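Notes follow once the structure below has been shown.
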Amino acid sequence: MSMENSYCFFENRACDYFPCHAGLSEFNCLFCYCPLYLKENCPGNPAYIEREGRRIKDCTNCTFPHRPENYEKVTAILKGR
């Protein structure tokens with residue numbers, strides 16, 4: 001079953017960067033910029049790199065916010081639940 005564009009799902013195949021992560025058959029672009037980026041303990045799988053004495057979060061291999069089934073999880077985290 002294919003997802004349709006709605007308040008909790010949006011797929012933009014016309015984007016120059018689509019898909020920005022590989023491996024998903026349905027790709028939710030709603031959280032194009034991950035709202036969990038500033039969360040130290042996000043449920044995704046970020047890597048951390050050191051550059052010029054700074055610790056930088058690298059979400060290149062994370063698809064958590066782009067998986068349609070995670071919409072409710074992302075919004076619950078943002079609500080502090």
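By convention in this document, the chains of the structure tokens carry letters A, B, ... by their order, each chain's residues are numbered from 1, and ligands are numbered from 1 in the order they are shown.
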
Practice task
Would you mind writing down, as a PyMOL selection string, each residue of segment 23-68 of chain A that DSSP on the backbone assigns to strand (DSSP E or B)?
Solution key: chain A and resi 47-51+54-58

Practice task
Calculate how many Å separate atom CA of Asn45 of chain A from atom CA of Ser6 of chain A, rounding to one decimal.
Solution key: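 Taking atom CA of Asn45 of chain A as the start and atom CA of Ser6 of chain A as the end point, the length is 26.2 Å.
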
Practice task
Excluding Ala76 of chain A and any residue of its chain fewer than 6 positions from it, enumerate the residues within 12 Å of it, using only C-alpha atoms, and give them as an MDAnalysis selection string.
Solution key: chainID A and resid 35:36 42:43 70

Quick one: write out the picked residues with all heavy atoms as a PDB file, in the first residue's frame?
ATOM      1  N   PRO A  35      14.196  17.303  12.732  1.00  0.00           N
ATOM      2  CA  PRO A  35      13.933  18.096  13.933  1.00  0.00           C
ATOM      3  C   PRO A  35      14.598  17.512  15.177  1.00  0.00           C
ATOM      4  O   PRO A  35      14.602  18.139  16.226  1.00  0.00           O
ATOM      5  CB  PRO A  35      12.409  18.058  14.054  1.00  0.00           C
ATOM      6  CG  PRO A  35      12.016  16.795  13.381  1.00  0.00           C
ATOM      7  CD  PRO A  35      13.014  16.592  12.275  1.00  0.00           C
ATOM      8  N   LEU A  36      15.191  16.333  15.046  1.00  0.00           N
ATOM      9  CA  LEU A  36      15.861  15.695  16.179  1.00  0.00           C
ATOM     10  C   LEU A  36      17.372  15.921  16.149  1.00  0.00           C
ATOM     11  O   LEU A  36      18.093  15.415  17.009  1.00  0.00           O
ATOM     12  CB  LEU A  36      15.564  14.187  16.171  1.00  0.00           C
ATOM     13  CG  LEU A  36      14.087  13.808  16.147  1.00  0.00           C
ATOM     14  CD1 LEU A  36      13.927  12.300  16.064  1.00  0.00           C
ATOM     15  CD2 LEU A  36      13.364  14.362  17.355  1.00  0.00           C
ATOM     16  N   CYS A  42      18.895  11.015  20.254  1.00  0.00           N
ATOM     17  CA  CYS A  42      17.826  10.778  19.290  1.00  0.00           C
ATOM     18  C   CYS A  42      17.723   9.279  19.016  1.00  0.00           C
ATOM     19  O   CYS A  42      18.691   8.552  19.203  1.00  0.00           O
ATOM     20  CB  CYS A  42      18.051  11.578  18.014  1.00  0.00           C
ATOM     21  SG  CYS A  42      19.383  10.960  16.982  1.00  0.00           S
ATOM     22  N   PRO A  43      16.568   8.808  18.564  1.00  0.00           N
ATOM     23  CA  PRO A  43      16.397   7.376  18.323  1.00  0.00           C
ATOM     24  C   PRO A  43      16.979   6.877  17.003  1.00  0.00           C
ATOM     25  O   PRO A  43      16.915   5.688  16.718  1.00  0.00           O
ATOM     26  CB  PRO A  43      14.875   7.214  18.322  1.00  0.00           C
ATOM     27  CG  PRO A  43      14.374   8.538  17.870  1.00  0.00           C
ATOM     28  CD  PRO A  43      15.328   9.548  18.417  1.00  0.00           C
ATOM     29  N   ASN A  70       7.470   6.280  11.435  1.00  0.00           N
ATOM     30  CA  ASN A  70       8.058   6.977  12.583  1.00  0.00           C
ATOM     31  C   ASN A  70       7.511   8.374  12.814  1.00  0.00           C
ATOM     32  O   ASN A  70       7.974   9.078  13.718  1.00  0.00           O
ATOM     33  CB  ASN A  70       9.578   7.024  12.441  1.00  0.00           C
ATOM     34  CG  ASN A  70      10.199   5.672  12.658  1.00  0.00           C
ATOM     35  OD1 ASN A  70       9.591   4.792  13.270  1.00  0.00           O
ATOM     36  ND2 ASN A  70      11.406   5.490  12.169  1.00  0.00           N
TER      37      ASN A  70
END

Fill in the blank from the handout: Correct to one decimal, the distance atom CA of His21 of chain A-atom CA of His66 of chain A is 8.6 Å

Practice task
Write out as number ranges by chain which residues come within 10 Å of segment 48-59 of chain A when counting only C-alpha atoms, dropping same-chain ones fewer than 2 positions away.
Solution key: A: 21, 34, 37-40, 44-46, 61-64
